[in-house]
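coords_11.txt (compact mmCIF, C-alpha atoms and all ligand atoms) appears below.
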# COMPACT_ATOMS: atom_id res chain seq x y z
CA MET A 1 -37.31 -29.44 -28.40
CA LYS A 2 -38.00 -28.81 -24.73
CA GLU A 3 -35.47 -26.59 -22.92
CA PHE A 4 -34.72 -28.24 -19.59
CA ILE A 5 -32.26 -25.79 -18.16
CA SER A 6 -33.72 -22.85 -16.26
CA ASP A 7 -33.79 -19.43 -17.90
CA LYS A 8 -32.09 -18.15 -14.77
CA LEU A 9 -28.85 -19.65 -16.02
CA GLN A 10 -28.89 -17.79 -19.30
CA ASN A 11 -25.87 -15.53 -19.54
CA MET A 12 -24.58 -16.88 -16.24
CA PRO A 13 -20.77 -16.64 -16.45
CA ILE A 14 -18.26 -19.22 -15.19
CA SER A 15 -16.50 -17.75 -12.15
CA ILE A 16 -13.29 -16.00 -13.17
CA PHE A 17 -11.59 -17.55 -10.12
CA SER A 18 -12.18 -21.10 -11.39
CA THR A 19 -11.15 -20.12 -14.92
CA ILE A 20 -7.87 -18.54 -13.86
CA SER A 21 -6.95 -21.19 -11.29
CA LYS A 22 -7.48 -23.91 -13.91
CA LEU A 23 -5.36 -22.07 -16.47
CA ALA A 24 -2.66 -21.39 -13.85
CA LEU A 25 -2.51 -25.12 -13.06
CA GLU A 26 -2.35 -26.12 -16.72
CA HIS A 27 0.56 -23.76 -17.32
CA ASN A 28 2.23 -24.34 -13.98
CA ALA A 29 2.06 -20.60 -13.29
CA VAL A 30 2.65 -18.93 -9.92
CA ASN A 31 -0.90 -18.26 -8.71
CA LEU A 32 -1.46 -14.69 -7.53
CA GLY A 33 -5.04 -15.02 -8.82
CA GLN A 34 -7.72 -16.67 -6.70
CA GLY A 35 -7.95 -15.32 -3.17
CA PHE A 36 -6.88 -18.07 -0.80
CA PRO A 37 -3.74 -18.60 1.26
CA ASP A 38 -1.31 -21.17 -0.17
CA PHE A 39 -0.28 -22.01 3.43
CA ASN A 40 -2.08 -23.49 6.40
CA GLY A 41 -3.97 -21.65 9.09
CA PRO A 42 -2.87 -22.30 12.70
CA GLU A 43 -2.22 -25.94 13.71
CA TRP A 44 -4.10 -25.51 17.02
CA ILE A 45 -7.33 -25.09 15.05
CA PHE A 46 -6.80 -28.57 13.52
CA ASP A 47 -6.50 -29.93 17.05
CA PHE A 48 -9.87 -28.45 18.00
CA ALA A 49 -11.47 -30.02 14.92
CA LEU A 50 -9.91 -33.41 15.62
CA GLN A 51 -10.96 -33.24 19.24
CA ALA A 52 -14.56 -32.47 18.20
CA MET A 53 -14.55 -35.42 15.79
CA LYS A 54 -13.17 -37.77 18.44
CA GLU A 55 -15.81 -36.57 20.90
CA GLY A 56 -18.48 -37.70 18.43
CA LYS A 57 -19.51 -34.26 17.22
CA ASN A 58 -20.05 -35.62 13.74
CA GLN A 59 -23.79 -35.47 13.11
CA TYR A 60 -25.95 -32.63 11.84
CA ALA A 61 -25.51 -29.40 13.71
CA PRO A 62 -28.51 -27.22 14.60
CA SER A 63 -29.67 -25.46 11.46
CA TYR A 64 -28.81 -21.96 12.74
CA GLY A 65 -25.35 -23.08 13.90
CA ILE A 66 -23.97 -24.46 17.16
CA LEU A 67 -24.49 -22.37 20.26
CA THR A 68 -20.83 -21.96 21.18
CA LEU A 69 -19.91 -20.64 17.73
CA LYS A 70 -22.83 -18.19 17.65
CA LYS A 71 -21.79 -17.02 21.14
CA ALA A 72 -18.14 -16.63 20.13
CA ILE A 73 -19.15 -14.56 17.07
CA ALA A 74 -21.48 -12.35 19.13
CA ASN A 75 -18.70 -11.93 21.72
CA TYR A 76 -16.12 -10.69 19.24
CA GLN A 77 -18.62 -8.28 17.69
CA LYS A 78 -19.16 -6.82 21.15
CA LYS A 79 -15.48 -6.79 22.07
CA TYR A 80 -14.10 -5.25 18.88
CA TYR A 81 -17.01 -3.12 17.68
CA ASP A 82 -19.28 -2.71 20.71
CA ILE A 83 -22.25 -4.13 18.80
CA ASP A 84 -24.64 -6.27 20.85
CA TYR A 85 -26.03 -9.32 19.07
CA ASP A 86 -27.97 -12.00 20.87
CA LEU A 87 -28.08 -15.60 19.74
CA SER A 88 -31.21 -15.12 17.65
CA GLU A 89 -29.25 -12.61 15.58
CA VAL A 90 -26.54 -14.94 14.25
CA ILE A 91 -26.70 -17.69 11.64
CA VAL A 92 -23.84 -19.95 10.54
CA THR A 93 -23.62 -20.72 6.81
CA ALA A 94 -21.41 -22.64 4.38
CA GLY A 95 -19.00 -19.79 3.90
CA ALA A 96 -19.85 -16.15 3.31
CA THR A 97 -20.84 -17.34 -0.16
CA GLU A 98 -23.88 -19.15 1.20
CA ALA A 99 -24.74 -16.28 3.55
CA LEU A 100 -24.73 -13.97 0.52
CA TYR A 101 -26.88 -16.30 -1.58
CA ASP A 102 -29.38 -16.82 1.26
CA THR A 103 -29.57 -13.10 1.96
CA PHE A 104 -30.09 -12.00 -1.64
CA SER A 105 -32.69 -14.77 -2.10
CA ALA A 106 -34.48 -13.89 1.13
CA PHE A 107 -34.85 -10.16 0.42
CA ILE A 108 -35.15 -9.69 -3.33
CA ASN A 109 -38.46 -9.79 -5.19
CA LYS A 110 -38.53 -9.77 -8.97
CA GLY A 111 -37.79 -6.24 -10.16
CA ASP A 112 -36.24 -4.98 -6.91
CA GLU A 113 -33.21 -2.81 -7.54
CA VAL A 114 -29.93 -3.39 -5.74
CA ILE A 115 -27.03 -0.95 -5.72
CA LEU A 116 -23.59 -2.41 -6.28
CA PHE A 117 -20.35 -0.51 -6.03
CA GLU A 118 -18.19 -1.67 -8.92
CA PRO A 119 -15.80 -3.43 -9.13
CA TYR A 120 -18.06 -5.84 -7.24
CA TYR A 121 -17.43 -9.32 -5.90
CA ASP A 122 -18.86 -11.46 -8.68
CA SER A 123 -21.23 -13.58 -6.59
CA TYR A 124 -23.33 -10.50 -5.69
CA HIS A 125 -24.13 -9.95 -9.33
CA SER A 126 -25.04 -13.58 -10.01
CA ASN A 127 -27.09 -13.83 -6.80
CA ILE A 128 -29.09 -10.75 -7.74
CA GLN A 129 -29.66 -12.21 -11.19
CA LEU A 130 -30.76 -15.57 -9.71
CA ALA A 131 -33.21 -13.79 -7.40
CA GLY A 132 -34.73 -11.74 -10.23
CA GLY A 133 -33.37 -8.42 -8.98
CA ILE A 134 -31.89 -5.59 -11.02
CA PRO A 135 -28.36 -4.41 -10.21
CA LYS A 136 -27.54 -0.69 -10.48
CA TYR A 137 -23.92 0.38 -10.49
CA VAL A 138 -21.83 3.05 -8.82
CA THR A 139 -18.16 3.10 -9.79
CA LEU A 140 -15.25 3.23 -7.39
CA HIS A 141 -12.70 5.16 -9.45
CA LYS A 142 -8.93 4.72 -9.33
CA PRO A 143 -6.56 5.91 -7.92
CA ASP A 144 -8.24 5.92 -4.49
CA PHE A 145 -11.43 4.08 -5.48
CA ALA A 146 -13.62 6.83 -4.11
CA PHE A 147 -17.21 7.16 -5.32
CA ASP A 148 -19.18 10.20 -6.37
CA TYR A 149 -21.87 10.94 -3.77
CA ALA A 150 -24.22 12.37 -6.41
CA GLU A 151 -23.80 9.27 -8.57
CA LEU A 152 -24.80 7.08 -5.64
CA GLU A 153 -27.84 9.13 -4.74
CA SER A 154 -29.01 9.35 -8.33
CA ALA A 155 -28.81 5.54 -8.70
CA ILE A 156 -31.61 5.26 -6.12
CA THR A 157 -35.17 4.94 -7.49
CA PRO A 158 -38.50 4.06 -5.85
CA ASN A 159 -37.66 0.39 -6.64
CA THR A 160 -34.34 0.42 -4.79
CA LYS A 161 -34.27 -1.91 -1.81
CA ILE A 162 -30.67 -2.75 -1.01
CA ILE A 163 -27.20 -1.22 -1.05
CA VAL A 164 -24.40 -3.78 -1.06
CA LEU A 165 -21.25 -2.79 0.72
CA ASN A 166 -18.00 -4.73 0.76
CA ASN A 167 -15.60 -3.28 3.27
CA PRO A 168 -12.61 -3.81 3.25
CA HIS A 169 -13.08 -4.15 -0.45
CA ASN A 170 -12.26 -6.97 -2.84
CA PRO A 171 -10.68 -6.35 -5.38
CA THR A 172 -9.45 -2.77 -4.78
CA GLY A 173 -8.26 -2.96 -1.16
CA LYS A 174 -10.33 0.14 -0.39
CA VAL A 175 -11.37 0.77 3.22
CA TYR A 176 -14.40 3.07 3.27
CA SER A 177 -13.91 6.25 5.27
CA GLN A 178 -16.14 7.23 8.17
CA GLU A 179 -17.47 10.07 6.03
CA GLU A 180 -18.37 7.76 3.14
CA LEU A 181 -20.12 5.36 5.49
CA ASN A 182 -22.01 8.22 7.13
CA PHE A 183 -23.20 9.38 3.73
CA ILE A 184 -24.45 5.89 2.85
CA ALA A 185 -26.23 5.73 6.23
CA THR A 186 -28.01 9.03 5.49
CA LEU A 187 -29.31 7.57 2.23
CA VAL A 188 -30.42 4.39 4.00
CA VAL A 189 -32.58 6.52 6.28
CA LYS A 190 -33.73 8.98 3.61
CA TYR A 191 -34.87 6.26 1.16
CA ASP A 192 -35.71 3.46 3.63
CA LEU A 193 -33.12 0.97 2.35
CA MET A 194 -31.27 -2.00 3.77
CA VAL A 195 -27.55 -2.74 3.55
CA ILE A 196 -25.88 -6.07 2.95
CA SER A 197 -22.41 -5.48 4.35
CA ASP A 198 -19.81 -8.06 3.37
CA GLU A 199 -16.99 -7.68 5.89
CA VAL A 200 -15.01 -10.88 5.28
CA TYR A 201 -11.73 -8.91 5.36
CA GLU A 202 -12.64 -7.10 8.60
CA PHE A 203 -9.32 -7.97 10.31
CA LEU A 204 -7.12 -7.32 7.29
CA THR A 205 -6.39 -3.59 7.36
CA TYR A 206 -2.98 -1.98 6.94
CA ASP A 207 -0.82 0.97 7.89
CA GLY A 208 -3.07 2.10 10.71
CA ALA A 209 -6.37 1.87 8.80
CA SER A 210 -9.16 0.43 10.90
CA HIS A 211 -12.38 -1.32 10.02
CA ILE A 212 -15.70 0.32 10.80
CA PRO A 213 -18.59 -2.16 10.64
CA PHE A 214 -21.57 -0.58 8.93
CA ALA A 215 -23.88 -1.89 11.68
CA SER A 216 -21.90 0.16 14.23
CA LEU A 217 -23.14 3.45 12.75
CA PRO A 218 -26.01 5.07 14.65
CA GLY A 219 -29.32 3.48 13.63
CA MET A 220 -27.72 1.08 11.14
CA ARG A 221 -27.74 -2.14 13.18
CA GLU A 222 -31.47 -2.56 12.41
CA LYS A 223 -30.92 -1.86 8.71
CA THR A 224 -27.93 -4.11 8.08
CA VAL A 225 -27.16 -7.74 7.37
CA THR A 226 -23.47 -8.18 8.16
CA ILE A 227 -21.71 -11.12 6.55
CA SER A 228 -18.28 -12.48 7.36
CA SER A 229 -16.24 -15.67 7.21
CA SER A 230 -13.89 -17.67 9.40
CA GLY A 231 -12.25 -18.68 6.11
CA LYS A 232 -10.60 -15.26 5.83
CA THR A 233 -10.02 -14.56 9.51
CA PHE A 234 -8.30 -17.87 10.22
CA GLY A 235 -7.01 -18.75 6.76
CA PHE A 236 -9.20 -21.83 6.24
CA THR A 237 -11.14 -20.93 3.11
CA GLY A 238 -11.75 -24.59 2.30
CA TRP A 239 -13.66 -25.19 5.53
CA LYS A 240 -16.44 -22.89 4.32
CA ILE A 241 -17.69 -21.57 7.65
CA GLY A 242 -19.28 -18.17 7.32
CA TYR A 243 -22.08 -16.33 9.07
CA ALA A 244 -24.60 -13.52 8.94
CA LEU A 245 -25.64 -11.10 11.68
CA ALA A 246 -28.88 -9.13 11.68
CA LYS A 247 -32.05 -8.49 13.68
CA PRO A 248 -34.03 -11.67 14.52
CA GLU A 249 -36.74 -11.32 11.81
CA TRP A 250 -34.06 -10.93 9.17
CA ILE A 251 -32.02 -13.90 10.45
CA GLU A 252 -35.22 -15.93 10.32
CA ALA A 253 -35.73 -14.88 6.70
CA ILE A 254 -32.15 -15.85 5.83
CA HIS A 255 -32.70 -19.15 7.59
CA GLY A 256 -35.79 -19.66 5.44
CA ILE A 257 -33.41 -20.12 2.48
CA HIS A 258 -30.55 -21.70 4.45
CA GLN A 259 -32.76 -24.60 5.63
CA TRP A 260 -33.37 -25.60 2.00
CA THR A 261 -29.84 -25.11 0.72
CA THR A 262 -27.41 -26.62 3.25
CA PHE A 263 -29.71 -26.95 6.33
CA ALA A 264 -26.63 -27.09 8.59
CA VAL A 265 -22.90 -26.48 8.35
CA ASN A 266 -20.23 -29.11 9.09
CA THR A 267 -20.19 -29.83 12.81
CA PRO A 268 -16.53 -30.41 13.78
CA GLY A 269 -15.50 -27.33 11.82
CA GLN A 270 -18.00 -25.22 13.74
CA HIS A 271 -16.62 -26.50 17.05
CA ALA A 272 -13.09 -25.72 15.94
CA MET A 273 -14.08 -22.21 14.88
CA ALA A 274 -15.96 -21.58 18.12
CA ASN A 275 -12.68 -22.23 19.95
CA ALA A 276 -10.73 -20.22 17.41
CA PHE A 277 -12.91 -17.12 17.84
CA ASP A 278 -12.47 -17.46 21.61
CA LYS A 279 -8.73 -17.04 21.00
CA LEU A 280 -9.06 -14.17 18.56
CA GLU A 281 -7.33 -11.65 20.80
CA GLU A 282 -4.19 -13.79 21.10
CA TYR A 283 -4.26 -14.72 17.44
CA LEU A 284 -4.89 -11.38 15.73
CA PRO A 285 -1.63 -9.47 16.31
CA ASP A 286 0.49 -12.13 14.57
CA PHE A 287 -2.08 -12.61 11.83
CA ARG A 288 -2.18 -8.90 11.09
CA LYS A 289 1.60 -8.61 11.21
CA LEU A 290 1.95 -11.55 8.81
CA TYR A 291 -0.26 -9.86 6.22
CA GLN A 292 1.26 -6.40 6.74
CA ASN A 293 4.66 -7.97 6.02
CA LYS A 294 3.32 -9.68 2.92
CA LEU A 295 1.87 -6.39 1.72
CA ASN A 296 5.20 -4.64 2.32
CA LEU A 297 7.08 -7.35 0.46
CA MET A 298 4.68 -7.09 -2.44
CA ILE A 299 4.90 -3.29 -2.60
CA ASP A 300 8.72 -3.39 -2.53
CA GLY A 301 8.67 -5.94 -5.33
CA LEU A 302 6.09 -4.19 -7.49
CA GLN A 303 8.12 -0.99 -7.30
CA GLN A 304 10.78 -2.80 -9.31
CA THR A 305 8.33 -3.70 -12.09
CA ASN A 306 6.54 -1.77 -14.80
CA PHE A 307 3.21 -2.25 -13.02
CA ASN A 308 1.68 0.86 -11.54
CA PHE A 309 -0.09 -0.30 -8.39
CA PHE A 310 -2.65 1.23 -6.04
CA LYS A 311 -1.65 0.54 -2.47
CA PRO A 312 -4.50 -1.19 -0.61
CA LYS A 313 -5.66 -0.22 2.88
CA GLY A 314 -7.34 -3.58 3.44
CA SER A 315 -8.13 -7.10 2.09
CA TYR A 316 -5.36 -9.23 0.58
CA PHE A 317 -5.49 -7.84 -2.93
CA ILE A 318 -3.66 -5.17 -4.91
CA MET A 319 -4.89 -3.59 -8.12
CA ALA A 320 -2.22 -2.66 -10.63
CA GLU A 321 -2.09 -1.17 -14.12
CA PHE A 322 -0.04 -3.26 -16.53
CA PRO A 323 2.50 -2.03 -19.11
CA ASN A 324 0.97 -1.14 -22.47
CA THR A 325 2.32 -4.20 -24.26
CA PHE A 326 -1.11 -5.74 -23.60
CA THR A 327 -4.38 -4.72 -25.18
CA ASP A 328 -6.65 -5.16 -22.15
CA ASP A 329 -6.88 -6.99 -18.84
CA GLN A 330 -8.03 -10.28 -20.38
CA ASP A 331 -5.14 -10.25 -22.84
CA ALA A 332 -2.74 -9.33 -20.03
CA ALA A 333 -4.02 -12.03 -17.64
CA ILE A 334 -3.89 -14.78 -20.25
CA ARG A 335 -0.48 -13.84 -21.64
CA LEU A 336 0.96 -13.42 -18.15
CA ILE A 337 -0.03 -17.03 -17.43
CA LYS A 338 1.04 -18.51 -20.74
CA GLU A 339 4.14 -16.48 -21.56
CA TYR A 340 5.40 -15.25 -18.18
CA GLY A 341 4.18 -17.98 -15.79
CA VAL A 342 2.21 -15.84 -13.34
CA ALA A 343 -1.56 -15.80 -12.77
CA THR A 344 -3.59 -12.72 -11.84
CA ILE A 345 -7.30 -11.86 -12.07
CA PRO A 346 -8.57 -9.66 -14.93
CA PRO A 347 -11.07 -7.45 -13.11
CA SER A 348 -13.16 -6.16 -16.02
CA VAL A 349 -15.64 -8.95 -15.16
CA PHE A 350 -16.32 -7.08 -11.90
CA TYR A 351 -17.45 -3.94 -13.74
CA SER A 352 -20.69 -3.38 -15.66
CA LYS A 353 -20.58 0.37 -16.23
CA SER A 354 -17.02 1.64 -16.33
CA ASP A 355 -14.16 0.48 -18.58
CA GLU A 356 -11.56 1.04 -15.86
CA GLY A 357 -11.29 -2.69 -15.19
CA LYS A 358 -9.75 -3.20 -18.63
CA THR A 359 -6.64 -1.33 -17.53
CA LEU A 360 -6.08 -3.29 -14.32
CA LEU A 361 -5.11 -6.66 -12.88
CA ARG A 362 -5.81 -7.94 -9.38
CA LEU A 363 -2.93 -9.57 -7.50
CA CYS A 364 -3.51 -11.65 -4.37
CA PHE A 365 -0.80 -11.55 -1.68
CA ALA A 366 -2.25 -14.22 0.64
CA LYS A 367 0.65 -16.39 -0.44
CA GLN A 368 3.90 -17.71 1.03
CA ASP A 369 6.74 -15.20 0.72
CA SER A 370 8.48 -17.59 -1.68
CA THR A 371 5.38 -17.58 -3.93
CA LEU A 372 5.20 -13.79 -3.82
CA LEU A 373 8.91 -13.42 -4.62
CA SER A 374 8.74 -15.77 -7.54
CA GLY A 375 5.55 -14.06 -8.82
CA ILE A 376 7.30 -10.68 -8.61
CA ASP A 377 10.32 -12.06 -10.42
CA LYS A 378 8.09 -13.03 -13.31
CA LEU A 379 6.35 -9.65 -13.30
CA LYS A 380 9.77 -7.94 -13.46
CA SER A 381 10.35 -9.52 -16.86
CA VAL A 382 7.26 -7.80 -18.29
CA LYS A 383 8.45 -4.75 -20.24
N1 LIG B 401 -17.03 -12.01 -0.05
C1 LIG B 401 -15.86 -11.58 -0.51
C2 LIG B 401 -15.65 -10.13 -0.72
C3 LIG B 401 -14.86 -12.50 -0.82
O1 LIG B 401 -13.69 -12.07 -1.28
C4 LIG B 401 -15.11 -13.88 -0.63
C5 LIG B 401 -14.12 -14.93 -1.04
N2 LIG B 401 -12.95 -14.84 -0.64
C6 LIG B 401 -16.34 -14.27 -0.13
C7 LIG B 401 -17.29 -13.32 0.15
C8 LIG B 401 -16.66 -15.72 0.08
O2 LIG B 401 -16.26 -16.18 1.32
P1 LIG B 401 -16.28 -17.72 1.70
O3 LIG B 401 -15.01 -18.30 1.19
O4 LIG B 401 -16.39 -17.74 3.18
O5 LIG B 401 -17.47 -18.34 1.05
N1 LIG B 402 -13.11 -14.71 -2.87
C1 LIG B 402 -12.06 -15.33 -3.60
C2 LIG B 402 -11.40 -14.27 -4.49
O1 LIG B 402 -11.82 -13.15 -4.52
C3 LIG B 402 -12.54 -16.44 -4.49
C4 LIG B 402 -13.56 -17.36 -3.92
C5 LIG B 402 -14.10 -18.25 -4.97
O2 LIG B 402 -13.36 -18.71 -5.84
N2 LIG B 402 -15.35 -18.46 -4.95
O3 LIG B 402 -10.45 -14.56 -5.14

Rewrite the structure of this file - the entire thing - as structure tokens.
Amino acid sequence: MKEFISDKLQNMPISIFSTISKLALEHNAVNLGQGFPDFNGPEWIFDFALQAMKEGKNQYAPSYGILTLKKAIANYQKKYYDIDYDLSEVIVTAGATEALYDTFSAFINKGDEVILFEPYYDSYHSNIQLAGGIPKYVTLHKPDFAFDYAELESAITPNTKIIVLNNPHNPTGKVYSQEELNFIATLVVKYDLMVISDEVYEFLTYDGASHIPFASLPGMREKTVTISSSGKTFGFTGWKIGYALAKPEWIEAIHGIHQWTTFAVNTPGQHAMANAFDKLEEYLPDFRKLYQNKLNLMIDGLQQTNFNFFKPKGSYFIMAEFPNTFTDDQDAAIRLIKEYGVATIPPSVFYSKSDEGKTLLRLCFAKQDSTLLSGIDKLKSVK
């Protein structure tokens, strides 16, 4: 019998986020799993979207994104990081997810090797697989999720083309140090590599940690595709407005895929986000305070449980070791939902080389305080 489904989909997993959210819903569990806020972003952003709709901005947007949004993105990159991008160096995509897919598809030839720090965000792995690339892994080890410089350098072969960086890091909450970034930059030069830098949590850093965009390192702007998302910065993950920044030839290559996937991103949402980025300076202090408070609340709560957590410096996730009543992370995640009423993400699916993921769970704190408190209450009952 003829096989109709593409070989590319062989061994393609179902996203753990969909699996856990579905299970959480079925069991009415408090959802500290999938990474999205369970509260609204700012009301004034709705007003901008409504205004755009009423003004008739409801047809296809330009394929690269509307001018005002591209300008607003370039402006904040200049203001916060002193990186100059012109309008030919920005493309708007359907979330960071599409920017990632387009970028992996645009740069990977069959057999190209791509270095992933593990635990990795799962879409990188699937995108590399879809593009015919070969992932190579470098482990970020607990407790501080540092990597071994020699391990990274020895993962590079003549076929290596790309290093993927996610900073601040999902799921560990790691913020790469200046020294680590400098080391990666030396390898980029030494081995003529490019970097895909996923910085969707760029504004979510804690306790004085600050974000260093990879493209801000000397010489790295020309070697980097930076990807981010208004979904994280403004708390509207469902609007799916992301973007990529890179030199013009690389943006054109990314657009080569984008034009055949989504072609253009929803128009009123882009107008709303253009206005939102223009107000970033007013918005950020409260946003950052909100998440710092949520982190503090979570840390206080976790201290009263039998979970041994690793305090994050960024993102909205915490990794924690669970009590040894469970056999591994999958067992823990499933039983926590079914028996204790709280959903978390089992991170072993984000590892390909190390077994460390089997000892951990990822908790998301982008949730209302009441959700966090009731999640913690349930975790307290785990002995
Ligand atoms: N990269 C990382 C590291 C993420 O955590 C996420 C999802 N939250 C994305 C990309 C996808 O972003 P978006 O929702 O804009 O598609
Ligand atoms: N990035 C989100 C997380 O890490 C999930 C996004 C998705 O479900 N695709 O939880």

Which of A:Met220, A:Ala209, A:Val164, A:Ala274 sits closest to Val188 in chain A [using all atoms listed in the file] | A:Met220

If you count all atoms listed in the file, which residues fall within 8 Å of range 377-383 of chain A, apart from same-chain ones fewer than 2 positions away, as a ChimeraX atom specification?
-> /A:302,304-306,323,325,340-342,373-375

Give me the range 213-245 of chain A side of the contact with range 310-317 of chain A, cut-off 12 Å, one line per residue showing its nearest atom pair and distance in Å at one decimal, counting all atoms listed in the file, sorted by chain and residue number, as CSV.
residue,atom,partner,partner_atom,distance
A:Lys232,CA,A:Ser315,CA,9.3
A:Thr233,CA,A:Ser315,CA,10.7
A:Gly235,CA,A:Tyr316,CA,11.5

With distances taken over only C-alpha atoms and all ligand atoms, which of A:Ile128, A:Ile254, A:Val200, A:Ala106 is nearest to ligand LIG 402 (chain B)?
->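 Comparing A:Ile128, A:Ile254, A:Val200, A:Ala106 against ligand LIG 402 (chain B), the winner is A:Val200.
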
Closest of A:Lys110, A:Lys161, A:Lys289, A:Lys240 to ligand LIG 402 (chain B) - atom-to-atom distances counting all atoms listed in the file |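 The shortest atom-to-atom distance to ligand LIG 402 (chain B) comes from A:Lys240.
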
Between A:Ser177, A:Gln51, A:Gln368, A:Gln259, which one has atoms that come closest to Ile91 in chain A, using all atoms listed in the file?
-> A:Gln259

Return as a tab-separated table the residues of chain A lying at most 6 Å from ligand LIG 402 (chain B), together with the closest atom-to-atom pair for each and the distance in Å to one decimal, counting only C-alpha atoms and all ligand atoms, with rows in chain order and ascending residue number.
residue	atom	partner	partner_atom	distance
A:Phe17	CA	B:LIG402	O2	4.8
A:Gln34	CA	B:LIG402	O3	3.8
A:Gly35	CA	B:LIG402	O3	3.3

Can you tell me which residues come within 6 Å of ligand LIG 401 (chain B) when counting all atoms listed in the file, ideally as a VMD selection string?
-> chain A and resid 35 95 to 97 121 170 198 200 229 231 237 240 242

Those same residues - C-alpha atoms - I'd like them written as a PDB file, in the coordinates of the input.
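Output saved as result13.pdb:
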ATOM      1  CA  GLY A  35      -7.950 -15.320  -3.170  1.00  0.00           C
ATOM      2  CA  GLY A  95     -19.000 -19.790   3.900  1.00  0.00           C
ATOM      3  CA  ALA A  96     -19.850 -16.150   3.310  1.00  0.00           C
ATOM      4  CA  THR A  97     -20.840 -17.340  -0.160  1.00  0.00           C
ATOM      5  CA  TYR A 121     -17.430  -9.320  -5.900  1.00  0.00           C
ATOM      6  CA  ASN A 170     -12.260  -6.970  -2.840  1.00  0.00           C
ATOM      7  CA  ASP A 198     -19.810  -8.060   3.370  1.00  0.00           C
ATOM      8  CA  VAL A 200     -15.010 -10.880   5.280  1.00  0.00           C
ATOM      9  CA  SER A 229     -16.240 -15.670   7.210  1.00  0.00           C
ATOM     10  CA  GLY A 231     -12.250 -18.680   6.110  1.00  0.00           C
ATOM     11  CA  THR A 237     -11.140 -20.930   3.110  1.00  0.00           C
ATOM     12  CA  LYS A 240     -16.440 -22.890   4.320  1.00  0.00           C
ATOM     13  CA  GLY A 242     -19.280 -18.170   7.320  1.00  0.00           C
TER      14      GLY A 242
END

Contacts of Leu23 in chain A within 12 Å, only C-alpha atoms, excl. fewer than 3 positions in-chain, as a PDB file with C-alpha atoms, in the coordinates of the input:
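Contents of result.pdb, freshly written:
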ATOM      1  CA  ILE A  16     -13.290 -16.000 -13.170  1.00  0.00           C
ATOM      2  CA  PHE A  17     -11.590 -17.550 -10.120  1.00  0.00           C
ATOM      3  CA  SER A  18     -12.180 -21.100 -11.390  1.00  0.00           C
ATOM      4  CA  THR A  19     -11.150 -20.120 -14.920  1.00  0.00           C
ATOM      5  CA  ILE A  20      -7.870 -18.540 -13.860  1.00  0.00           C
ATOM      6  CA  GLU A  26      -2.350 -26.120 -16.720  1.00  0.00           C
ATOM      7  CA  HIS A  27       0.560 -23.760 -17.320  1.00  0.00           C
ATOM      8  CA  ASN A  28       2.230 -24.340 -13.980  1.00  0.00           C
ATOM      9  CA  ALA A  29       2.060 -20.600 -13.290  1.00  0.00           C
ATOM     10  CA  VAL A  30       2.650 -18.930  -9.920  1.00  0.00           C
ATOM     11  CA  ASN A  31      -0.900 -18.260  -8.710  1.00  0.00           C
ATOM     12  CA  GLY A  33      -5.040 -15.020  -8.820  1.00  0.00           C
ATOM     13  CA  GLN A  34      -7.720 -16.670  -6.700  1.00  0.00           C
ATOM     14  CA  ALA A 333      -4.020 -12.030 -17.640  1.00  0.00           C
ATOM     15  CA  ILE A 334      -3.890 -14.780 -20.250  1.00  0.00           C
ATOM     16  CA  ARG A 335      -0.480 -13.840 -21.640  1.00  0.00           C
ATOM     17  CA  LEU A 336       0.960 -13.420 -18.150  1.00  0.00           C
ATOM     18  CA  ILE A 337      -0.030 -17.030 -17.430  1.00  0.00           C
ATOM     19  CA  LYS A 338       1.040 -18.510 -20.740  1.00  0.00           C
ATOM     20  CA  GLY A 341       4.180 -17.980 -15.790  1.00  0.00           C
ATOM     21  CA  VAL A 342       2.210 -15.840 -13.340  1.00  0.00           C
ATOM     22  CA  ALA A 343      -1.560 -15.800 -12.770  1.00  0.00           C
ATOM     23  CA  THR A 344      -3.590 -12.720 -11.840  1.00  0.00           C
ATOM     24  CA  ILE A 345      -7.300 -11.860 -12.070  1.00  0.00           C
TER      25      ILE A 345
END

Can you pull out every residue within 10 Å of Tyr124 in chain A, counting only C-alpha atoms, but drop anything in the same chain fewer than 5 positions away, and send it as number ranges by chain?
-> A: 97, 100-101, 104, 114, 116, 129-130, 135, 164, 350

Contact residues around Tyr120 in chain A with all atoms listed in the file at 10 Å, ignoring same-chain residues under 3 positions, as a list in words | Leu116, Phe117, Ser123, Tyr124, His125, Tyr137, Val138, Thr139, Leu140, Val164, Leu165, Asn166, His169, Asn170, Pro171, Thr172, Pro347, Val349, Phe350, Tyr351 and Ser352 of chain A

Just-selected residues, C-alpha atoms written as a compact mmCIF listing (two decimals), in the frame of the given file:
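That gives us selection_7.txt:
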# COMPACT_ATOMS: atom_id res chain seq x y z
CA LEU A 116 -23.59 -2.41 -6.28
CA PHE A 117 -20.35 -0.51 -6.03
CA SER A 123 -21.23 -13.58 -6.59
CA TYR A 124 -23.33 -10.50 -5.69
CA HIS A 125 -24.13 -9.95 -9.33
CA TYR A 137 -23.92 0.38 -10.49
CA VAL A 138 -21.83 3.05 -8.82
CA THR A 139 -18.16 3.10 -9.79
CA LEU A 140 -15.25 3.23 -7.39
CA VAL A 164 -24.40 -3.78 -1.06
CA LEU A 165 -21.25 -2.79 0.72
CA ASN A 166 -18.00 -4.73 0.76
CA HIS A 169 -13.08 -4.15 -0.45
CA ASN A 170 -12.26 -6.97 -2.84
CA PRO A 171 -10.68 -6.35 -5.38
CA THR A 172 -9.45 -2.77 -4.78
CA PRO A 347 -11.07 -7.45 -13.11
CA VAL A 349 -15.64 -8.95 -15.16
CA PHE A 350 -16.32 -7.08 -11.90
CA TYR A 351 -17.45 -3.94 -13.74
CA SER A 352 -20.69 -3.38 -15.66
